[in-house]
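Structure below is structure-v9.cif: mmCIF, C-alpha atoms.
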```cif
data_my_file
#
loop_
_atom_site.label_atom_id
_atom_site.label_comp_id
_atom_site.auth_asym_id
_atom_site.auth_seq_id
_atom_site.Cartn_x
_atom_site.Cartn_y
_atom_site.Cartn_z
CA MET A 239 11.51 12.34 78.68
CA LYS A 240 9.18 14.79 77.08
CA ASN A 241 11.76 15.59 74.38
CA ARG A 242 12.28 11.89 73.67
CA LYS A 243 8.54 11.39 73.31
CA THR A 244 8.30 14.38 70.96
CA ARG A 245 11.13 13.05 68.77
CA LEU A 246 9.47 9.61 68.63
CA ILE A 247 6.14 11.10 67.53
CA ALA A 248 7.92 13.16 64.84
CA LEU A 249 9.77 10.07 63.58
CA ILE A 250 6.53 8.10 63.36
CA MET A 251 4.91 10.92 61.37
CA VAL A 252 7.87 11.10 58.94
CA ILE A 253 7.74 7.31 58.38
CA ALA A 254 4.00 7.49 57.78
CA MET A 255 4.44 10.27 55.23
CA VAL A 256 7.16 8.29 53.41
CA PHE A 257 4.90 5.24 53.08
CA THR A 258 2.02 7.44 51.94
CA LEU A 259 4.12 9.11 49.26
CA ALA A 260 5.53 5.75 48.15
CA ALA A 261 2.02 4.36 47.81
CA CYS A 262 0.88 7.39 45.82
CA GLY A 263 3.96 7.20 43.59
CA SER A 264 3.37 3.50 42.97
CA SER A 265 -0.26 4.13 42.20
CA GLY A 266 0.63 7.04 39.92
CA SER A 267 3.27 4.95 38.22
CA ASN A 268 0.82 2.09 37.61
CA SER A 269 -1.79 4.50 36.40
CA GLY A 270 0.74 6.11 34.07
CA ASN A 271 1.79 2.73 32.71
CA SER A 272 -1.80 1.78 32.14
CA SER A 273 -2.43 5.02 30.30
CA SER A 274 0.73 4.52 28.25
CA ASP A 275 -0.30 0.97 27.38
CA ASN A 276 -3.72 2.14 26.31
CA ASP A 277 -2.27 4.93 24.19
CA SER A 278 0.18 2.52 22.62
CA GLY A 279 -2.62 0.08 21.91
CA ASP A 280 -4.71 2.79 20.25
CA THR A 281 -1.76 3.84 18.10
CA ASN A 282 -1.11 0.27 16.98
CA ALA A 283 -4.77 -0.18 16.16
CA ASP A 284 -4.65 2.92 13.98
CA THR A 285 -1.46 2.01 12.09
CA GLN A 286 -1.79 -1.76 11.81
CA THR A 287 -2.19 -3.00 8.21
CA THR A 288 -4.21 -6.02 7.27
CA GLN A 289 -2.11 -9.07 6.49
CA ILE A 290 -4.28 -11.25 4.25
CA ASP A 291 -3.77 -15.01 4.56
CA TYR A 292 -3.17 -15.70 0.88
CA PRO A 293 -2.27 -18.05 -0.60
CA ASN A 294 -2.62 -20.92 1.83
CA LYS A 295 -3.54 -23.73 -0.58
CA ASP A 296 -3.02 -24.82 -4.19
CA ILE A 297 -3.94 -22.44 -7.01
CA THR A 298 -5.49 -23.78 -10.24
CA LEU A 299 -4.43 -22.12 -13.50
CA ILE A 300 -6.84 -23.14 -16.26
CA VAL A 301 -5.47 -23.30 -19.80
CA PRO A 302 -8.49 -23.21 -22.13
CA TYR A 303 -6.61 -25.01 -24.90
CA ALA A 304 -5.10 -28.45 -25.48
CA ALA A 305 -2.07 -29.67 -23.58
CA GLY A 306 1.20 -29.24 -25.43
CA GLY A 307 0.24 -26.03 -27.25
CA THR A 308 2.11 -22.77 -26.84
CA THR A 309 -0.33 -21.39 -24.26
CA ASP A 310 -0.03 -24.59 -22.26
CA LEU A 311 3.77 -24.48 -22.37
CA LEU A 312 3.78 -20.83 -21.29
CA ALA A 313 1.42 -21.62 -18.43
CA ARG A 314 3.54 -24.52 -17.19
CA ALA A 315 6.74 -22.49 -17.25
CA LEU A 316 5.08 -19.69 -15.31
CA SER A 317 3.22 -21.95 -12.89
CA THR A 318 6.35 -23.71 -11.66
CA GLN A 319 8.13 -20.50 -10.73
CA LEU A 320 4.96 -18.79 -9.53
CA GLY A 321 4.28 -21.68 -7.17
CA GLN A 322 7.80 -21.52 -5.76
CA ASP A 323 7.52 -17.78 -5.18
CA LEU A 324 4.09 -18.00 -3.56
CA GLY A 325 4.91 -21.09 -1.50
CA VAL A 326 2.06 -23.22 -2.88
CA ASN A 327 1.47 -25.44 -5.90
CA VAL A 328 0.10 -23.76 -9.02
CA VAL A 329 -1.64 -26.59 -10.87
CA VAL A 330 -2.24 -26.30 -14.62
CA GLN A 331 -5.58 -27.69 -15.79
CA ASN A 332 -6.49 -27.95 -19.50
CA VAL A 333 -10.14 -27.26 -20.29
CA GLU A 334 -10.64 -27.14 -24.07
CA GLY A 335 -13.56 -25.92 -26.16
CA GLY A 336 -15.28 -22.87 -27.53
CA GLY A 337 -12.17 -21.29 -28.99
CA GLY A 338 -10.77 -20.79 -25.51
CA THR A 339 -14.02 -19.62 -23.90
CA THR A 340 -15.06 -22.86 -22.14
CA GLY A 341 -12.09 -22.98 -19.80
CA THR A 342 -12.01 -19.21 -19.35
CA SER A 343 -15.70 -19.23 -18.42
CA GLN A 344 -15.11 -22.00 -15.88
CA ALA A 345 -12.33 -19.99 -14.26
CA VAL A 346 -13.97 -16.57 -14.13
CA ASN A 347 -17.25 -17.99 -12.85
CA SER A 348 -15.59 -19.78 -9.94
CA ALA A 349 -15.28 -18.40 -6.41
CA ALA A 350 -13.57 -15.00 -6.29
CA ASP A 351 -10.93 -16.14 -3.81
CA GLY A 352 -7.79 -16.14 -5.96
CA TYR A 353 -7.50 -19.91 -6.18
CA THR A 354 -8.79 -20.32 -9.74
CA LEU A 355 -7.29 -18.35 -12.62
CA ALA A 356 -7.20 -18.62 -16.42
CA ILE A 357 -4.54 -17.83 -18.99
CA CYS A 358 -6.13 -16.94 -22.31
CA SER A 359 -5.67 -14.92 -25.49
CA ASN A 360 -7.31 -11.57 -26.09
CA GLY A 361 -9.42 -13.25 -28.78
CA GLY A 362 -11.08 -15.54 -26.26
CA TYR A 363 -11.12 -12.83 -23.60
CA LEU A 364 -12.30 -9.74 -25.48
CA ILE A 365 -13.67 -10.70 -28.89
CA ASN A 366 -15.51 -14.01 -28.59
CA PRO A 367 -17.72 -12.91 -25.66
CA VAL A 368 -18.97 -9.95 -27.72
CA ILE A 369 -20.17 -12.21 -30.52
CA ASN A 370 -21.35 -15.26 -28.60
CA GLU A 371 -22.94 -15.90 -25.23
CA VAL A 372 -20.09 -17.58 -23.36
CA GLY A 373 -20.95 -16.81 -19.74
CA TYR A 374 -18.70 -13.79 -19.24
CA THR A 375 -17.37 -10.58 -20.74
CA TRP A 376 -14.12 -8.86 -19.82
CA GLU A 377 -16.15 -6.52 -17.63
CA THR A 378 -17.30 -9.44 -15.47
CA THR A 379 -13.74 -10.55 -14.73
CA THR A 380 -10.68 -9.26 -12.91
CA PRO A 381 -7.72 -8.65 -15.26
CA ILE A 382 -4.49 -9.66 -13.50
CA ALA A 383 -1.61 -9.33 -15.98
CA ILE A 384 -0.51 -9.69 -19.59
CA VAL A 385 2.47 -12.02 -20.00
CA SER A 386 3.17 -11.94 -23.75
CA GLU A 387 2.14 -9.75 -26.69
CA ILE A 388 2.79 -11.06 -30.16
CA PRO A 389 2.67 -9.45 -33.62
CA ILE A 390 0.46 -10.84 -36.39
CA ALA A 391 1.65 -11.40 -39.95
CA ILE A 392 0.22 -12.22 -43.37
CA GLY A 393 2.15 -14.66 -45.50
CA VAL A 394 1.90 -16.54 -48.78
CA ALA A 395 3.54 -19.74 -49.97
CA GLY A 396 7.11 -19.39 -51.14
CA SER A 397 5.99 -20.48 -54.60
CA SER A 398 3.31 -17.77 -54.78
CA SER A 399 3.55 -15.08 -57.43
CA TYR A 400 2.51 -12.40 -54.92
CA GLN A 401 5.56 -10.53 -53.72
CA THR A 402 3.87 -7.74 -51.76
CA LEU A 403 0.69 -7.16 -49.78
CA ASP A 404 -0.53 -4.71 -52.41
CA GLU A 405 -0.19 -7.37 -55.10
CA LEU A 406 -2.08 -9.86 -52.98
CA LEU A 407 -4.92 -7.43 -52.27
CA ALA A 408 -5.11 -6.35 -55.91
CA ALA A 409 -5.54 -9.99 -56.87
CA ALA A 410 -8.25 -10.34 -54.23
CA GLY A 411 -10.12 -7.55 -55.96
CA ASP A 412 -9.92 -9.27 -59.35
CA SER A 413 -10.59 -12.85 -58.31
CA SER A 414 -11.74 -15.00 -55.45
CA LEU A 415 -8.80 -15.50 -53.12
CA THR A 416 -8.96 -17.52 -49.92
CA TYR A 417 -7.03 -16.93 -46.71
CA SER A 418 -6.93 -18.88 -43.50
CA THR A 419 -6.61 -17.94 -39.82
CA PRO A 420 -6.68 -19.88 -36.52
CA GLY A 421 -10.45 -19.33 -36.27
CA ALA A 422 -13.46 -17.24 -37.10
CA ASN A 423 -13.45 -13.89 -35.29
CA SER A 424 -9.95 -14.49 -33.98
CA THR A 425 -7.65 -11.50 -33.81
CA PRO A 426 -5.83 -12.49 -37.05
CA HIS A 427 -9.19 -12.91 -38.80
CA LEU A 428 -10.34 -9.44 -37.80
CA LEU A 429 -7.03 -7.93 -38.88
CA ALA A 430 -7.09 -9.56 -42.34
CA ALA A 431 -10.74 -8.64 -42.85
CA ALA A 432 -10.15 -5.04 -41.80
CA VAL A 433 -7.15 -4.68 -44.13
CA ALA A 434 -9.16 -6.03 -47.08
CA MET A 435 -12.06 -3.75 -46.23
CA GLN A 436 -9.79 -0.70 -46.17
CA ALA A 437 -8.36 -1.78 -49.53
CA GLY A 438 -11.88 -2.07 -50.90
CA VAL A 439 -11.65 -5.76 -51.73
CA SER A 440 -13.14 -8.95 -50.37
CA TRP A 441 -11.67 -12.39 -50.04
CA ASN A 442 -12.87 -15.69 -48.68
CA HIS A 443 -12.07 -16.65 -45.13
CA SER A 444 -11.35 -20.30 -44.39
CA PRO A 445 -10.99 -20.62 -40.61
CA ASN A 446 -8.83 -23.42 -39.30
CA SER A 447 -8.40 -25.12 -35.96
CA SER A 448 -4.88 -23.82 -35.35
CA SER A 449 -2.12 -21.68 -36.80
CA PRO A 450 0.12 -24.64 -37.80
CA ALA A 451 -2.82 -26.27 -39.57
CA ALA A 452 -3.50 -23.05 -41.47
CA ILE A 453 0.12 -22.88 -42.64
CA ALA A 454 -0.01 -26.54 -43.68
CA GLU A 455 -2.98 -25.65 -45.89
CA LEU A 456 -1.01 -22.78 -47.37
CA ILE A 457 2.05 -24.87 -48.20
CA GLY A 458 -0.22 -27.57 -49.61
CA GLY A 459 -1.67 -25.09 -52.08
CA HIS A 460 -5.21 -25.20 -50.70
CA ILE A 461 -5.37 -21.49 -49.83
CA ASP A 462 -3.74 -18.31 -51.12
CA ALA A 463 -2.63 -16.62 -47.90
CA VAL A 464 -2.55 -17.07 -44.17
CA CYS A 465 -2.80 -14.61 -41.28
CA VAL A 466 -1.51 -15.94 -37.94
CA ASN A 467 0.77 -15.09 -35.01
CA LEU A 468 4.26 -14.16 -36.18
CA PRO A 469 6.09 -16.87 -34.13
CA THR A 470 4.14 -19.58 -35.96
CA PHE A 471 6.04 -18.72 -39.15
CA LYS A 472 9.43 -19.34 -37.53
CA SER A 473 9.79 -22.90 -38.84
CA TYR A 474 8.61 -22.10 -42.36
CA THR A 475 10.39 -18.91 -43.44
CA PRO A 476 14.08 -19.91 -43.31
CA ASN A 477 13.66 -22.62 -45.94
CA GLY A 478 11.41 -20.50 -48.14
CA ASP A 479 8.19 -22.45 -47.61
CA VAL A 480 6.44 -19.21 -46.62
CA ARG A 481 7.06 -15.58 -47.60
CA LEU A 482 5.88 -12.87 -45.24
CA LEU A 483 4.22 -9.79 -46.72
CA ALA A 484 3.42 -7.62 -43.69
CA VAL A 485 3.57 -7.65 -39.89
CA THR A 486 1.85 -5.62 -37.19
CA GLY A 487 3.73 -3.34 -34.81
CA GLU A 488 5.13 0.15 -34.60
CA GLU A 489 8.45 -1.02 -36.04
CA ARG A 490 9.66 -3.89 -38.17
CA ASP A 491 10.36 -7.08 -36.28
CA SER A 492 14.08 -7.60 -35.69
CA ASN A 493 13.81 -11.22 -36.87
CA TYR A 494 12.28 -10.09 -40.18
CA PRO A 495 13.88 -6.73 -40.99
CA ASP A 496 12.87 -6.95 -44.67
CA VAL A 497 9.15 -7.37 -43.92
CA PRO A 498 7.25 -4.05 -43.79
CA THR A 499 4.70 -3.23 -41.12
CA PHE A 500 1.04 -2.77 -41.97
CA LYS A 501 1.43 0.80 -40.77
CA GLU A 502 4.20 1.43 -43.29
CA LEU A 503 1.86 0.20 -46.01
CA GLY A 504 -0.94 2.51 -44.89
CA TYR A 505 -3.00 0.09 -42.78
CA ASP A 506 -3.09 1.50 -39.27
CA PHE A 507 -4.50 -1.42 -37.29
CA ASP A 508 -2.54 -1.77 -34.06
CA ALA A 509 -3.66 -5.36 -33.58
CA SER A 510 -1.76 -8.05 -31.71
CA VAL A 511 -2.36 -11.32 -29.97
CA TYR A 512 -1.65 -11.21 -26.27
CA PHE A 513 -1.90 -13.78 -23.55
CA CYS A 514 -3.20 -12.71 -20.19
CA ILE A 515 -4.07 -14.09 -16.78
CA VAL A 516 -7.54 -13.29 -15.48
CA ALA A 517 -9.67 -14.08 -12.43
CA PRO A 518 -13.31 -13.86 -11.32
CA ASP A 519 -14.91 -10.49 -10.78
CA GLY A 520 -14.82 -9.09 -7.25
CA LEU A 521 -11.39 -10.44 -6.31
CA ASP A 522 -9.91 -8.79 -3.21
CA PRO A 523 -7.56 -5.97 -4.36
CA GLU A 524 -4.85 -7.26 -2.01
CA ILE A 525 -4.95 -10.65 -3.74
CA VAL A 526 -4.91 -8.95 -7.15
CA THR A 527 -1.74 -7.09 -6.17
CA ILE A 528 -0.11 -10.23 -4.77
CA LEU A 529 -0.82 -12.17 -7.97
CA SER A 530 0.14 -9.38 -10.36
CA ASP A 531 3.43 -8.74 -8.58
CA ALA A 532 4.21 -12.45 -8.28
CA ILE A 533 3.65 -12.98 -12.02
CA GLY A 534 6.00 -10.11 -12.78
CA ALA A 535 8.62 -11.58 -10.46
CA ALA A 536 8.25 -15.06 -11.98
CA MET A 537 8.91 -13.61 -15.42
CA GLU A 538 12.30 -12.41 -14.19
CA ASN A 539 13.35 -16.02 -13.64
CA PRO A 540 15.99 -17.18 -16.19
CA THR A 541 14.28 -20.54 -16.77
CA VAL A 542 10.95 -18.86 -17.51
CA GLN A 543 12.68 -16.40 -19.83
CA GLU A 544 14.40 -19.25 -21.64
CA THR A 545 11.08 -21.01 -22.18
CA PHE A 546 9.53 -17.88 -23.66
CA ALA A 547 12.56 -17.40 -25.90
CA ASN A 548 12.48 -21.02 -27.13
CA LEU A 549 8.81 -20.58 -28.05
CA ASP A 550 9.69 -17.30 -29.77
CA PHE A 551 7.14 -15.54 -27.58
CA PRO A 552 8.23 -12.07 -26.43
CA MET A 553 8.01 -11.42 -22.70
CA SER A 554 5.63 -8.50 -22.40
CA TYR A 555 4.67 -8.17 -18.76
CA THR A 556 1.87 -5.70 -18.10
CA GLY A 557 0.71 -5.50 -14.49
CA HIS A 558 -2.84 -5.16 -13.25
CA GLU A 559 -3.17 -1.38 -13.28
CA ALA A 560 -1.67 -0.92 -16.74
CA PHE A 561 -3.72 -3.85 -18.05
CA VAL A 562 -6.93 -2.27 -16.78
CA ALA A 563 -5.93 1.10 -18.25
CA ARG A 564 -5.55 -0.28 -21.80
CA ILE A 565 -8.30 -2.86 -21.96
CA SER A 566 -11.16 -0.54 -22.91
CA ASP A 567 -9.12 0.77 -25.86
CA ASP A 568 -8.36 -2.77 -26.98
CA TYR A 569 -12.03 -3.62 -26.79
CA SER A 570 -13.04 -0.52 -28.72
CA LEU A 571 -10.62 -1.39 -31.54
CA TYR A 572 -12.08 -4.85 -32.09
CA GLU A 573 -15.65 -3.76 -31.49
CA GLY A 574 -15.23 -1.17 -34.24
CA ILE A 575 -13.89 -3.75 -36.68
CA LEU A 576 -16.73 -6.14 -35.84
CA GLN A 577 -19.24 -3.38 -36.49
CA ASP A 578 -17.59 -2.41 -39.77
CA LEU A 579 -17.71 -6.03 -40.88
CA GLY A 580 -21.39 -6.27 -39.99
CA ILE A 581 -20.80 -8.94 -37.36
CA LEU A 582 -22.04 -6.55 -34.66
CA GLU A 583 -24.75 -3.98 -35.11
#
```
As structure tokens:
Amino acid sequence: MKNRKTRLIALIMVIAMVFTLAACGSSGSNSGNSSSDNDSGDTNADTQTTQIDYPNKDITLIVPYAAGGTTDLLARALSTQLGQDLGVNVVVQNVEGGGGTTGTSQAVNSAADGYTLAICSNGGYLINPVINEVGYTWETTTPIAIVSEIPIAIGVAGSSSYQTLDELLAAAGDSSLTYSTPGANSTPHLLAAAVAMQAGVSWNHSPNSSSPAAIAELIGGHIDAVCVNLPTFKSYTPNGDVRLLAVTGEERDSNYPDVPTFKELGYDFDASVYFCIVAPDGLDPEIVTILSDAIGAAMENPTVQETFANLDFPMSYTGHEAFVARISDDYSLYEGILQDLGILE
């Protein structure tokens, strides 16, 4: 009886110990899981990257020129593909005036949220704001990307007696010659003025409202020469209406292999007209990257490439970082010419 009672007491003690250990193990296990969860949570908090909610509504791309022009056509080709890639509509809005500065000013002075952009030329972006108060300078904007960079050329009428740039400039020194460009203080104007200044001659500038209008004046015999974007000459050189004398660039243009570069002729002005997309100052860097990358991707689309080719506009994508890296040099080039011409002090 005594032995039975002893065994019963021992059994009860063993059972009690088992339950106690089980409870401790369960508690320890829960505590361990809690600690593990907390550690995991801390790790996720440290490594989690911000996912910005952009874009989540339509984006407006302001074209600061008339509908139907080359800039407008470029913008519409890009906007369609850009919208598809970003999953929202990219709406083109034409806001004319001020040589491209009115629409650009409206865009870059809007909210810095990535929903209002402008596509403009370097003339309206870099040069005009230095000369006139337009409500912005390139330093008060966010450069996003360059989409096309175009050479500039000087041409004369096919019936002109001037066969070379040297002949034209020599005549400018002996008489009063007149040349036309798409506008006062445009990139072509500054190039032509700088070339004449280096040659030690002066000629009269007759600014026009557009490149085609300037060429129409040339063919009509109202001016002696014209300096405009190279693609504008495309319709006038095959039939001999216009003869090109020089073109900008490091090498001769493949479409005009017989036309020398300004550099070959001793005029080292690395000028060009480029079209760029810009935004308000202070734009979130994540949005800048999204837009810059998306523009680059859109330019890989065959339809967009075909549109550029049909317009004879080279595709010259330059992303945000590279754009920022070159812009101060571009500005310094034109600022120097403006100072040499006495337009800036």
Once the PyMOL selection byres ((chain A and resi 444-457) around 10) is applied to the coordinates I shared, what remains selected? I want it as number ranges by chain.
A: 307, 337, 393-398, 416-424, 426-427, 441-443, 458-471, 473-474, 479-480
Taking all atoms listed in the file into account, which of A:Val511, A:Leu316, A:Leu415, A:Val326 comes nearest A:Tyr292?
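Nearest candidate to A:Tyr292 out of A:Val511, A:Leu316, A:Leu415, A:Val326: A:Val326.
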Taking all atoms listed in the file into account, which of A:Ala532, A:Ala560, A:Ala437, A:Ile565 comes nearest A:Gln322?
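For A:Gln322, the nearest of the given residues is A:Ala532.
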One decimal, Å: what's the distance from atom CA of A:Glu573 over to atom CA of A:Ile300, could you say?
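One can read the atom CA of A:Glu573 to atom CA of A:Ile300 distance as 26.2 Å.
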My list of candidates is A:Thr425, A:Asn294, A:Gln543, A:Asn477. Which is closest to A:Gly321 when distances are computed with all atoms listed in the file?
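Using all atoms listed in the file, the shortest distance to A:Gly321 belongs to A:Asn294.
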Just checking: using all atoms listed in the file, which residue out of A:Val542, A:Ala430, A:Ala547, A:Ala517 ends up closest to A:Pro381?
A:Ala517
Given the file shown, enumerate the residues that the PyMOL selection byres ((chain A and resi 372) around 12) captures and present them as a count of residues only.
27
Within 9 Å of (-7.7, -16.3, -5.1) in the file's own coordinates, which protein, DNA or RNA residues have an atom, counting all atoms listed in the file? List them as a PyMOL selection string.
chain A and resi 292-293+297+349-355+517-518+521-522+525-526+529
Centre, edges in Å (one decimal): axis-aligned box, stretch 480-483 of chain A, 6 Å padding on all six sides, as JSON:
```
{"center_x": 5.6, "center_y": -14.5, "center_z": -46.4, "size_x": 14.8, "size_y": 21.4, "size_z": 14.4}
```
So which one's closest to A:Gly487, A:Leu582, A:Leu320, A:Ala345, A:Ile388? Using only C-alpha atoms, please.
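Of A:Leu582, A:Leu320, A:Ala345, A:Ile388, the one nearest A:Gly487, counting only C-alpha atoms, is A:Ile388.
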Stretch 550-556 of chain A: which residues within 7 Å, counting all atoms listed in the file, same-chain residues fewer than 4 positions away excluded, as a PyMOL selection string?
chain A and resi 383-388+469+534+546+560-561
Select, from A:Leu312, A:Ile390, A:Val301, A:Leu503, the residue with the minimum atom-to-atom distance to A:Gln436, counting all atoms listed in the file.
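Result for the nearest residue to A:Gln436: A:Leu503.
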Using Å and a single decimal, report how far atom CA of A:Arg564 sits from atom CA of A:Asp323.
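Separation of atom CA of A:Asp323 and atom CA of A:Arg564: 27.4 Å.
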